[in-house]
file protein.txt (compact mmCIF, C-alpha atoms (C1' of nucleotides))
# COMPACT_ATOMS: atom_id res chain seq x y z
CA MET A 24 62.63 71.68 98.43
CA SER A 25 60.69 68.86 99.95
CA ARG A 26 62.75 68.04 102.95
CA SER A 27 65.10 70.88 103.67
CA GLY A 28 62.71 72.70 105.96
CA LEU A 29 63.66 71.03 109.18
CA GLN A 30 67.30 70.69 108.36
CA LYS A 31 67.69 74.39 108.29
CA GLU A 32 67.33 74.90 112.00
CA LEU A 33 70.03 72.37 112.69
CA LYS A 34 72.41 74.33 110.62
CA LYS A 35 73.38 76.75 113.34
CA LYS A 36 75.79 75.11 115.67
CA SER A 37 75.23 76.69 119.03
CA ALA A 38 78.09 75.16 120.96
CA PHE A 39 81.69 75.97 120.15
CA GLU A 40 84.30 73.59 121.33
CA SER A 41 86.42 76.37 122.68
CA LEU A 42 86.69 80.09 122.85
CA GLU A 43 89.85 79.91 120.77
CA GLN A 44 88.02 78.12 118.02
CA GLU A 45 85.33 80.73 118.09
CA VAL A 46 87.92 83.44 117.58
CA THR A 47 89.54 81.60 114.72
CA LEU A 48 86.22 81.17 112.99
CA ALA A 49 85.29 84.79 113.56
CA ILE A 50 88.54 85.96 111.98
CA LEU A 51 88.04 83.58 109.10
CA ARG A 52 84.52 84.65 108.35
CA THR A 53 85.23 88.32 108.72
CA ASN A 54 88.17 87.98 106.39
CA ASP A 55 86.00 86.19 103.85
CA GLN A 56 83.44 88.96 103.89
CA LEU A 57 86.13 91.58 103.42
CA GLN A 58 87.76 89.68 100.61
CA ILE A 59 84.50 89.25 98.78
CA ARG A 60 83.72 92.95 98.86
CA PHE A 61 87.14 94.13 97.78
CA ALA A 62 87.43 91.47 95.11
CA ARG A 63 84.12 92.65 93.72
CA LEU A 64 85.35 96.23 93.53
CA PHE A 65 88.63 95.30 91.90
CA ARG A 66 86.87 93.12 89.37
CA GLU A 67 84.86 96.09 88.17
CA PHE A 68 88.18 97.54 87.13
CA GLY A 69 89.42 94.32 85.55
CA LEU A 70 91.75 93.42 88.38
CA THR A 71 91.95 90.64 90.92
CA THR A 72 92.95 91.37 94.51
CA SER A 73 96.41 89.93 93.94
CA GLN A 74 96.91 92.04 90.87
CA TYR A 75 95.80 95.17 92.68
CA ASN A 76 98.23 94.44 95.48
CA VAL A 77 101.12 94.12 93.06
CA LEU A 78 100.24 97.44 91.43
CA ARG A 79 100.03 99.07 94.86
CA ILE A 80 103.45 97.77 95.78
CA LEU A 81 104.94 99.13 92.57
CA ARG A 82 103.35 102.52 93.06
CA GLY A 83 104.41 102.60 96.68
CA GLU A 84 107.99 101.97 95.72
CA GLY A 85 107.92 104.56 92.97
CA LYS A 86 110.34 102.67 90.82
CA PRO A 87 110.57 99.30 89.01
CA LEU A 88 111.15 96.28 91.19
CA PRO A 89 112.66 92.86 90.48
CA ILE A 90 110.05 90.12 90.34
CA LEU A 91 111.35 88.40 93.45
CA GLU A 92 111.18 91.68 95.36
CA ILE A 93 107.51 91.85 94.53
CA ALA A 94 106.85 88.25 95.50
CA GLU A 95 108.56 88.88 98.80
CA ARG A 96 106.17 91.66 99.69
CA THR A 97 103.02 89.77 98.89
CA VAL A 98 101.71 86.57 100.33
CA THR A 99 102.39 85.10 96.90
CA VAL A 100 105.04 82.46 96.77
CA VAL A 101 107.67 82.67 94.06
CA PRO A 102 106.26 80.45 91.30
CA GLY A 103 102.88 82.11 91.46
CA ILE A 104 104.22 85.55 90.79
CA THR A 105 105.31 84.71 87.26
CA GLY A 106 101.83 84.19 85.89
CA LEU A 107 100.51 87.10 87.90
CA ILE A 108 102.99 89.43 86.25
CA ASP A 109 102.24 87.79 82.90
CA ARG A 110 98.57 88.72 83.20
CA LEU A 111 99.30 92.23 84.39
CA GLU A 112 101.66 92.68 81.48
CA GLN A 113 99.16 91.26 79.04
CA ALA A 114 96.55 93.69 80.34
CA GLY A 115 99.02 96.53 79.84
CA HIS A 116 99.33 97.52 83.49
CA VAL A 117 103.03 96.72 83.83
CA LYS A 118 105.99 95.93 81.64
CA ARG A 119 109.05 93.76 82.10
CA GLU A 120 112.51 95.25 81.74
CA ARG A 121 115.59 93.09 81.76
CA CYS A 122 118.39 94.34 83.98
CA LEU A 123 121.61 94.92 82.09
CA GLU A 124 124.09 94.42 84.92
CA ASP A 125 122.61 91.11 86.01
CA ARG A 126 120.77 89.49 83.18
CA ARG A 127 118.93 87.10 85.48
CA VAL A 128 117.00 89.98 86.99
CA ILE A 129 113.79 91.22 85.44
CA TYR A 130 112.39 94.53 86.58
CA VAL A 131 108.68 95.13 86.58
CA ALA A 132 107.53 98.69 85.96
CA LEU A 133 104.12 100.33 86.14
CA THR A 134 102.84 101.61 82.81
CA ASP A 135 100.81 104.78 82.44
CA GLN A 136 97.74 102.68 82.07
CA GLY A 137 98.58 100.86 85.28
CA LYS A 138 98.93 104.17 87.06
CA ARG A 139 95.62 105.40 85.71
CA THR A 140 93.77 102.25 86.74
CA LEU A 141 95.28 102.49 90.18
CA ALA A 142 94.38 106.16 90.50
CA SER A 143 90.80 105.54 89.51
CA LEU A 144 90.57 102.94 92.25
CA ASP A 145 91.88 105.16 95.02
CA LYS A 146 88.66 106.81 96.03
CA PRO A 147 86.48 103.70 95.79
CA VAL A 148 88.99 101.74 97.85
CA VAL A 149 89.11 104.29 100.64
CA ALA A 150 85.34 104.52 100.54
CA LEU A 151 84.95 100.78 100.81
CA HIS A 152 87.38 100.61 103.70
CA ALA A 153 85.32 103.18 105.51
CA LYS A 154 82.03 101.60 104.58
CA VAL A 155 82.69 98.06 105.72
CA LEU A 156 83.85 99.17 109.13
CA ALA A 157 81.56 102.14 109.56
CA ARG A 158 79.74 100.67 112.51
CA LEU A 159 82.83 100.42 114.66
CA ALA A 160 83.95 103.37 116.72
CA PRO A 161 87.55 104.54 116.37
CA SER A 162 88.32 103.18 119.81
CA GLU A 163 86.96 99.82 118.75
CA LEU A 164 89.01 99.85 115.57
CA LYS A 165 92.14 100.55 117.57
CA GLU A 166 91.32 97.79 120.00
CA LEU A 167 90.75 95.41 117.12
CA VAL A 168 94.13 96.21 115.64
CA ARG A 169 95.78 95.81 119.00
CA LEU A 170 94.25 92.41 119.66
CA LEU A 171 94.95 91.09 116.19
CA GLU A 172 98.54 92.20 116.34
CA LYS A 173 98.96 90.64 119.73
CA ALA A 174 97.63 87.39 118.33
CA ARG A 175 99.99 87.54 115.40
CA ALA A 176 102.96 88.39 117.54
CA ALA A 177 102.26 85.30 119.63
CA MET A 178 102.01 83.20 116.51
CA SER A 179 105.32 84.26 115.09
CA GLU A 180 107.01 83.46 118.38
CA GLU A 181 105.31 80.12 118.49
CA SER A 182 106.53 79.21 115.02
CA ALA A 183 110.13 79.36 116.20
CA ASP A 184 109.82 76.79 118.95
CA MET B 29 99.82 80.32 101.35
CA SER B 30 103.32 81.51 101.80
CA ARG B 31 105.75 80.42 104.35
CA SER B 32 107.32 83.78 104.76
CA GLY B 33 104.46 86.17 105.19
CA LEU B 34 105.35 87.65 108.49
CA GLN B 35 108.93 88.71 108.11
CA LYS B 36 107.78 91.02 105.37
CA GLU B 37 105.80 93.16 107.68
CA LEU B 38 108.89 95.01 108.74
CA LYS B 39 109.20 96.22 105.23
CA LYS B 40 105.77 97.72 105.26
CA LYS B 41 105.43 101.46 105.20
CA SER B 42 104.46 102.63 108.64
CA ALA B 43 101.94 105.19 107.50
CA PHE B 44 98.46 103.86 106.91
CA GLU B 45 96.02 105.82 104.89
CA SER B 46 93.32 105.26 107.42
CA LEU B 47 92.52 103.43 110.59
CA GLU B 48 89.99 101.35 108.69
CA GLN B 49 92.63 100.22 106.26
CA GLU B 50 94.86 99.27 109.13
CA VAL B 51 92.10 97.08 110.55
CA THR B 52 91.46 95.44 107.22
CA LEU B 53 95.12 94.63 106.80
CA ALA B 54 95.40 93.34 110.34
CA ILE B 55 92.50 90.97 109.78
CA LEU B 56 93.97 89.87 106.50
CA ARG B 57 97.39 89.12 107.86
CA THR B 58 96.14 87.42 110.97
CA ASN B 59 93.91 85.25 108.85
CA ASP B 60 96.85 84.35 106.61
CA GLN B 61 98.92 83.26 109.56
CA LEU B 62 96.10 81.14 110.93
CA GLN B 63 95.43 79.56 107.57
CA ILE B 64 99.07 78.68 107.09
CA ARG B 65 99.30 76.90 110.40
CA PHE B 66 96.11 74.94 110.06
CA ALA B 67 96.75 74.04 106.44
CA ARG B 68 100.12 72.69 107.48
CA LEU B 69 98.53 70.48 110.11
CA PHE B 70 95.83 69.18 107.78
CA ARG B 71 98.35 68.43 105.11
CA GLU B 72 100.20 66.11 107.45
CA PHE B 73 97.03 64.05 107.42
CA GLY B 74 96.58 64.25 103.67
CA LEU B 75 93.81 66.82 103.78
CA THR B 76 93.40 70.38 102.65
CA THR B 77 91.57 72.89 104.81
CA SER B 78 88.51 72.74 102.56
CA GLN B 79 88.44 68.99 102.71
CA TYR B 80 88.74 69.00 106.48
CA ASN B 81 85.86 71.43 106.71
CA VAL B 82 83.63 69.20 104.64
CA LEU B 83 84.45 66.19 106.80
CA ARG B 84 83.71 68.24 109.91
CA ILE B 85 80.35 69.28 108.55
CA LEU B 86 79.46 65.68 107.79
CA ARG B 87 80.48 64.51 111.22
CA GLY B 88 78.67 67.37 112.87
CA GLU B 89 75.49 66.45 111.09
CA GLY B 90 75.86 62.80 111.95
CA LYS B 91 74.23 61.66 108.74
CA PRO B 92 74.77 61.90 104.97
CA LEU B 93 74.09 65.27 103.39
CA PRO B 94 73.20 66.29 99.85
CA ILE B 95 76.07 67.91 98.01
CA LEU B 96 74.37 71.27 97.82
CA GLU B 97 73.70 71.22 101.55
CA ILE B 98 77.42 70.87 102.09
CA ALA B 99 78.28 73.64 99.67
CA GLU B 100 75.80 75.88 101.46
CA ARG B 101 77.64 75.51 104.75
CA THR B 102 81.07 76.22 103.38
CA VAL B 103 82.33 79.28 101.64
CA THR B 104 82.64 77.06 98.59
CA VAL B 105 80.41 77.99 95.73
CA VAL B 106 78.41 75.27 94.02
CA PRO B 107 80.63 74.26 91.11
CA GLY B 108 83.69 73.97 93.31
CA ILE B 109 82.12 71.43 95.60
CA THR B 110 81.95 68.76 92.92
CA GLY B 111 85.68 68.34 92.57
CA LEU B 112 86.18 68.65 96.28
CA ILE B 113 83.83 65.73 96.92
CA ASP B 114 85.49 63.88 94.04
CA ARG B 115 88.86 64.08 95.75
CA LEU B 116 87.49 63.16 99.14
CA GLU B 117 85.77 60.16 97.59
CA GLN B 118 88.90 59.18 95.72
CA ALA B 119 90.85 59.31 98.96
CA GLY B 120 88.24 57.08 100.58
CA HIS B 121 87.02 59.60 103.15
CA VAL B 122 83.46 59.86 101.86
CA LYS B 123 81.18 58.04 99.46
CA ARG B 124 78.36 59.23 97.22
CA GLU B 125 74.90 57.71 97.56
CA ARG B 126 72.16 58.52 95.13
CA CYS B 127 68.83 59.37 96.70
CA LEU B 128 66.06 57.04 95.63
CA GLU B 129 63.12 59.38 96.09
CA ASP B 130 64.70 62.22 94.15
CA ARG B 131 67.25 60.92 91.74
CA ARG B 132 68.78 64.33 91.22
CA VAL B 133 70.04 64.35 94.79
CA ILE B 134 73.35 62.78 95.73
CA TYR B 135 74.08 62.18 99.38
CA VAL B 136 77.60 62.32 100.67
CA ALA B 137 78.43 60.05 103.60
CA LEU B 138 81.50 59.75 105.80
CA THR B 139 83.29 56.44 105.51
CA ASP B 140 84.95 54.71 108.44
CA GLN B 141 88.27 55.90 107.13
CA GLY B 142 86.99 59.44 107.02
CA LYS B 143 85.85 59.14 110.61
CA ARG B 144 89.19 57.78 111.69
CA THR B 145 91.15 60.51 109.96
CA LEU B 146 88.91 63.10 111.54
CA ALA B 147 89.24 61.53 114.97
CA SER B 148 93.01 61.48 114.74
CA LEU B 149 92.94 65.19 113.96
CA ASP B 150 90.78 66.17 116.91
CA LYS B 151 93.46 66.57 119.53
CA PRO B 152 95.99 68.30 117.27
CA VAL B 153 93.35 70.74 116.08
CA VAL B 154 92.27 71.71 119.58
CA ALA B 155 95.90 72.00 120.58
CA LEU B 156 96.68 74.25 117.64
CA HIS B 157 93.69 76.45 118.35
CA ALA B 158 94.91 76.90 121.89
CA LYS B 159 98.50 77.39 120.85
CA VAL B 160 98.03 80.10 118.29
CA LEU B 161 95.95 82.23 120.60
CA ALA B 162 97.66 81.35 123.85
CA ARG B 163 98.86 84.88 124.47
CA LEU B 164 95.41 86.38 124.59
CA ALA B 165 93.44 86.40 127.83
CA PRO B 166 89.91 85.00 127.74
CA SER B 167 88.53 88.51 128.10
CA GLU B 168 90.55 89.57 125.09
CA LEU B 169 89.34 86.61 123.08
CA LYS B 170 85.76 87.50 123.90
CA GLU B 171 86.32 91.10 122.96
CA LEU B 172 87.88 90.03 119.69
CA VAL B 173 84.88 87.90 118.84
CA ARG B 174 82.54 90.71 119.76
CA LEU B 175 84.31 93.27 117.58
CA LEU B 176 84.64 90.95 114.62
CA GLU B 177 81.01 90.00 114.77
CA LYS B 178 80.00 93.60 115.03
CA ALA B 179 82.04 94.32 111.93
CA ARG B 180 80.48 91.46 110.07
CA ALA B 181 77.00 92.41 111.11
CA ALA B 182 77.57 95.88 109.70
CA MET B 183 78.84 94.40 106.46
CA SER B 184 75.85 92.18 105.90
CA GLU B 185 73.52 95.13 106.45
CA GLU B 186 75.53 97.22 104.05
CA SER B 187 75.35 94.60 101.33
CA ALA B 188 71.57 94.93 101.20
CA ASP B 189 71.48 98.61 100.43
C1' DT C 27 140.30 78.44 85.50
C1' DC C 28 136.97 75.09 85.99
C1' DG C 29 133.43 73.02 88.43
C1' DA C 30 130.09 73.49 92.35
C1' DA C 31 126.90 76.18 94.64
C1' DT C 32 123.76 80.06 94.45
C1' DT C 33 120.31 83.07 92.57
C1' DA C 34 116.50 84.90 89.37
C1' DG C 35 112.98 83.42 87.27
C1' DA C 36 109.95 80.11 84.56
C1' DT C 37 107.31 75.76 84.05
C1' DG C 38 104.13 72.07 85.14
C1' DA C 39 101.03 69.72 88.15
C1' DC C 40 97.47 69.93 91.53
C1' DG C 41 93.84 71.95 94.72
C1' DC C 42 90.54 75.31 95.07
C1' DG C 43 87.34 79.59 94.36
C1' DT C 44 84.44 81.73 90.90
C1' DA C 45 81.49 82.31 86.88
C1' DA C 46 78.95 80.59 82.89
C1' DA C 47 76.90 77.09 80.42
C1' DC C 48 75.05 72.58 80.48
C1' DT C 49 72.35 67.92 81.65
C1' DA C 50 68.94 65.49 83.91
C1' DA C 51 65.28 65.00 87.00
C1' DA C 52 61.36 66.97 89.16
C1' DC C 53 57.65 70.40 89.48
C1' DT C 54 54.00 73.68 87.64
C1' DC C 55 50.22 74.95 85.32
C1' DG C 56 47.36 75.67 81.45
C1' DC D 10 49.08 65.59 79.03
C1' DG D 11 52.90 68.66 77.52
C1' DA D 12 55.72 73.00 77.53
C1' DG D 13 58.14 75.84 80.50
C1' DT D 14 60.46 76.37 84.79
C1' DT D 15 63.03 75.12 88.81
C1' DT D 16 66.46 72.33 91.14
C1' DA D 17 70.69 69.17 91.78
C1' DG D 18 74.73 68.51 90.18
C1' DT D 19 78.50 68.49 86.65
C1' DT D 20 81.65 70.48 83.21
C1' DT D 21 84.60 73.93 81.52
C1' DA D 22 87.49 77.85 81.79
C1' DC D 23 90.29 81.01 84.27
C1' DG D 24 93.00 83.07 88.22
C1' DC D 25 95.75 82.00 91.90
C1' DG D 26 98.54 79.56 95.88
C1' DT D 27 101.74 75.76 96.59
C1' DC D 28 105.19 72.38 95.53
C1' DA D 29 108.79 70.26 92.85
C1' DT D 30 111.59 70.71 89.12
C1' DC D 31 114.00 73.16 85.62
C1' DT D 32 117.09 76.70 83.05
C1' DA D 33 120.20 80.33 82.73
C1' DA D 34 123.20 83.63 84.67
C1' DT D 35 126.31 84.68 88.35
C1' DT D 36 129.50 83.81 92.06
C1' DC D 37 132.70 81.25 94.71
C1' DG D 38 136.37 78.14 95.90
C1' DA D 39 140.08 74.96 95.16
call {"tool": "encode", "arguments": {"input": "protein.txt", "output": "structure tokens"}}
result
Amino acid sequence: MSRSGLQKELKKKSAFESLEQEVTLAILRTNDQLQIRFARLFREFGLTTSQYNVLRILRGEGKPLPILEIAERTVTVVPGITGLIDRLEQAGHVKRERCLEDRRVIYVALTDQGKRTLASLDKPVVALHAKVLARLAPSELKELVRLLEKARAAMSEESAD
Amino acid sequence: MSRSGLQKELKKKSAFESLEQEVTLAILRTNDQLQIRFARLFREFGLTTSQYNVLRILRGEGKPLPILEIAERTVTVVPGITGLIDRLEQAGHVKRERCLEDRRVIYVALTDQGKRTLASLDKPVVALHAKVLARLAPSELKELVRLLEKARAAMSEESAD
DNA sequence: TCGAATTAGATGACGCGTAAACTAAACTCG
DNA sequence: CGAGTTTAGTTTACGCGTCATCTAATTCGA
């Protein structure tokens, strides 16, 4: 690295253009760090974050759900859910069941293997949640939630203007 | 990113397993909402968020940067940057310049078109930053930054254990 | 009843993040 | 000098989000 020595100090931008931008970047970076850590955990169990979320939704519901129901509850948009379910099915975590009354509908059900994988992740997930935020006091966590939800509430109003 | 992420929240179970999990989810959802809005803006100008970030880095530096320098400053991991630069080059926003002293190095430089596109985005970007967080008082914004940075600081310590 | 609209879901194309393997140029050190 | 190593960057492969388009089943309206 012949020349990168002096470039390094320039790397840190000291001045933000606005406080709002600073917040946006802080949220973005914090989210990235969280995602990385959870994705790493899920990968140890052969799952991606999206796949884990789908399994969680199915377990939470306690019964099979139509594919579009699942898509609705994730950030995933409709076309993406198909392949996601494909891979979960291929891995044996879920199975598709065609609805008899309305043959357009396809139910997705957790398999026993899916339930086992999910169960084995429960403790590590809770532990990771606690670990990544261990330095914040409960009062700070509550304040964080409050501020973030206030921000989001403002955004959803704004989108209807 | 989905267009309908926020209506779904009503459907969410009200009971969280832990306060930490609630924070994680709040960060996640807020980030999603921010991403959606900015991505939408960038797309109007023919850019993705990643592409915009690269252009911003180049402008911020004020001079051409080696590809790996750019990758280092984004969340993008090395192999992903190649295609990203490819597309930016194809769209005429940047150009590649091989370094003469070290022929392994390829500099990426903003073109005039890239500068123009970036300039035309400046006002809308600032406006959107202000808009999405308009409901939060400056003291709240500062507190949000403080809490998020505290969380991230804890995470980066934890990762070295 | 027949044709139009609607709905569930799949498909294909593209952008991007991630990991692994690879090429080419430069460096190191005996 | 020459073999091994490091470094810059690309390629390939896969998962996923997004969009546009498609098919098949259902429903609705004249």
call {"tool": "calpha_fit_rmsd", "arguments": {"input": "protein.txt", "fixed": "chain A", "moving": "chain B"}}
result
4.4 Å
call {"tool": "residues_around", "arguments": {"input": "protein.txt", "residues": "Thr58 of chain B", "least_positions_apart": "4", "cutoff": "8 Å", "atoms": "only C-alpha atoms (C1' of nucleotides)", "output": "JSON, numbers by chain"}}
result
{"A": [50, 171, 172, 174, 175], "B": [54, 62]}
call {"tool": "closest_atom_pairs", "arguments": {"input": "protein.txt", "of": "chain D", "to": "chain A", "cutoff": "9 Å", "atoms": "all atoms listed in the file", "output": "JSON lines"}}
result
{"residue": "D:DT16", "atom": "C1'", "partner": "A:Met24", "partner_atom": "CA", "distance": 8.3}
{"residue": "D:DG24", "atom": "C1'", "partner": "A:Thr71", "partner_atom": "CA", "distance": 8.1}
{"residue": "D:DC25", "atom": "C1'", "partner": "A:Gly103", "partner_atom": "CA", "distance": 7.1}
{"residue": "D:DG26", "atom": "C1'", "partner": "A:Gly103", "partner_atom": "CA", "distance": 6.7}
{"residue": "D:DT27", "atom": "C1'", "partner": "A:Val100", "partner_atom": "CA", "distance": 7.5}
{"residue": "D:DA33", "atom": "C1'", "partner": "A:Arg127", "partner_atom": "CA", "distance": 7.4}
{"residue": "D:DA34", "atom": "C1'", "partner": "A:Arg127", "partner_atom": "CA", "distance": 5.6}
{"residue": "D:DT35", "atom": "C1'", "partner": "A:Asp125", "partner_atom": "CA", "distance": 7.8}
call {"tool": "atom_distance", "arguments": {"input": "protein.txt", "atom1": "atom C1' of DG38 of chain C", "atom2": "atom CA of Glu112 of chain A"}}
result
21.1 Å
call {"tool": "residues_around", "arguments": {"input": "protein.txt", "residues": "Leu169 of chain B", "least_positions_apart": "4", "cutoff": "8 Å", "atoms": "all atoms listed in the file", "output": "list in words"}}
result
Leu42, Glu43 and Val46 of chain A; Leu164, Ala165 and Val173 of chain B
call {"tool": "atom_distance", "arguments": {"input": "protein.txt", "atom1": "atom CA of Ser184 of chain B", "atom2": "atom CA of Phe61 of chain A"}}
result
14.0 Å
call {"tool": "axis_aligned_box", "arguments": {"input": "protein.txt", "around": "segment 34-43 of chain C", "padding_each_side": "4 Å", "output": "AutoDock Vina command-line options"}}
result
--center_x 101.9 --center_y 77.3 --center_z 89.6 --size_x 37.2 --size_y 23.2 --size_z 19.0
call {"tool": "closest_residue", "arguments": {"input": "protein.txt", "among": "B:Ala67, B:Leu138, B:Leu75, B:Leu93", "to": "chain A", "atoms": "all atoms listed in the file"}}
result
B:Leu93
call {"tool": "atom_distance", "arguments": {"input": "protein.txt", "atom1": "atom CA of Val148 of chain A", "atom2": "atom CA of Lys178 of chain B"}}
result
21.0 Å
call {"tool": "residues_near_point", "arguments": {"input": "protein.txt", "point": "(84.5, 62.9, 107.8)", "cutoff": "6 Å", "atoms": "all atoms listed in the file", "output": "PDB file with C-alpha atoms, in the coordinates of the input"}}
result
ATOM      1  CA  LEU B  83      84.450  66.190 106.800  1.00  0.00           C
ATOM      2  CA  ARG B  84      83.710  68.240 109.910  1.00  0.00           C
ATOM      3  CA  LEU B  86      79.460  65.680 107.790  1.00  0.00           C
ATOM      4  CA  ARG B  87      80.480  64.510 111.220  1.00  0.00           C
ATOM      5  CA  LEU B 138      81.500  59.750 105.800  1.00  0.00           C
ATOM      6  CA  GLY B 142      86.990  59.440 107.020  1.00  0.00           C
ATOM      7  CA  LYS B 143      85.850  59.140 110.610  1.00  0.00           C
ATOM      8  CA  LEU B 146      88.910  63.100 111.540  1.00  0.00           C
TER       9      LEU B 146
END
call {"tool": "residues_around", "arguments": {"input": "protein.txt", "residues": "Glu92 of chain A", "least_positions_apart": "2", "cutoff": "10 Å", "atoms": "all atoms listed in the file", "output": "list in words"}}
result
Ile80, Pro87, Leu88, Pro89, Ile90, Ala94, Glu95, Arg96, Thr97, Val101, Tyr130 and Val131 of chain A
call {"tool": "residues_near_point", "arguments": {"input": "protein.txt", "point": "(143.0, 75.8, 89.4)", "cutoff": "12 Å", "atoms": "all atoms listed in the file", "output": "CSV table (one decimal) with C-alpha atoms (C1' of nucleotides), in the frame of the given file"}}
result
chain,number,residue,atom,x,y,z
C,27,DT,C1',140.3,78.4,85.5
C,28,DC,C1',137.0,75.1,86.0
C,29,DG,C1',133.4,73.0,88.4
D,38,DG,C1',136.4,78.1,95.9
D,39,DA,C1',140.1,75.0,95.2
call {"tool": "closest_residue", "arguments": {"input": "protein.txt", "among": "B:Arg71, B:Arg57, B:Arg144, B:Arg126", "to": "chain A", "atoms": "only C-alpha atoms"}}
result
B:Arg57
call {"tool": "decode", "arguments": {"input": "protein.txt", "residues": "segment 115-121 of chain B", "atoms": "all heavy atoms", "output": "short mmCIF file (atom, residue, chain, number, x, y, z; two decimals), in the first residue's frame"}}
result
data_model
loop_
_atom_site.label_atom_id
_atom_site.label_comp_id
_atom_site.auth_asym_id
_atom_site.auth_seq_id
_atom_site.Cartn_x
_atom_site.Cartn_y
_atom_site.Cartn_z
N ARG B 115 -22.01 -0.53 -14.13
CA ARG B 115 -23.30 0.09 -14.50
C ARG B 115 -23.21 1.61 -14.48
O ARG B 115 -23.77 2.29 -15.33
CB ARG B 115 -24.40 -0.40 -13.57
CG ARG B 115 -24.91 -1.77 -13.96
CD ARG B 115 -25.73 -2.42 -12.86
NE ARG B 115 -25.24 -3.77 -12.58
CZ ARG B 115 -24.76 -4.17 -11.43
NH1 ARG B 115 -24.73 -3.35 -10.40
NH2 ARG B 115 -24.32 -5.39 -11.27
N LEU B 116 -22.47 2.13 -13.50
CA LEU B 116 -22.30 3.57 -13.45
C LEU B 116 -21.53 4.06 -14.69
O LEU B 116 -21.81 5.13 -15.24
CB LEU B 116 -21.54 3.97 -12.18
CG LEU B 116 -22.39 4.08 -10.91
CD1 LEU B 116 -21.52 4.32 -9.69
CD2 LEU B 116 -23.42 5.19 -11.04
N GLU B 117 -20.55 3.27 -15.11
CA GLU B 117 -19.77 3.64 -16.28
C GLU B 117 -20.64 3.57 -17.53
O GLU B 117 -20.62 4.47 -18.36
CB GLU B 117 -18.56 2.70 -16.41
CG GLU B 117 -17.60 3.14 -17.51
CD GLU B 117 -16.30 2.34 -17.46
OE1 GLU B 117 -16.33 1.20 -16.96
OE2 GLU B 117 -15.26 2.87 -17.91
N GLN B 118 -21.41 2.51 -17.61
CA GLN B 118 -22.29 2.32 -18.75
C GLN B 118 -23.31 3.46 -18.87
O GLN B 118 -23.66 3.88 -19.96
CB GLN B 118 -23.04 0.99 -18.59
CG GLN B 118 -23.61 0.46 -19.89
CD GLN B 118 -23.36 -1.03 -19.99
OE1 GLN B 118 -23.00 -1.69 -19.01
NE2 GLN B 118 -23.54 -1.58 -21.17
N ALA B 119 -23.73 3.96 -17.73
CA ALA B 119 -24.70 5.06 -17.72
C ALA B 119 -24.01 6.41 -17.94
O ALA B 119 -24.66 7.44 -18.02
CB ALA B 119 -25.47 5.07 -16.42
N GLY B 120 -22.68 6.38 -17.98
CA GLY B 120 -21.96 7.62 -18.27
C GLY B 120 -21.68 8.50 -17.06
O GLY B 120 -21.27 9.64 -17.20
N HIS B 121 -21.91 7.96 -15.85
CA HIS B 121 -21.71 8.78 -14.66
C HIS B 121 -20.26 8.79 -14.18
O HIS B 121 -19.83 9.72 -13.51
CB HIS B 121 -22.61 8.29 -13.53
CG HIS B 121 -24.07 8.47 -13.82
ND1 HIS B 121 -24.60 9.68 -14.20
CD2 HIS B 121 -25.11 7.60 -13.80
CE1 HIS B 121 -25.91 9.53 -14.40
NE2 HIS B 121 -26.23 8.28 -14.17
#
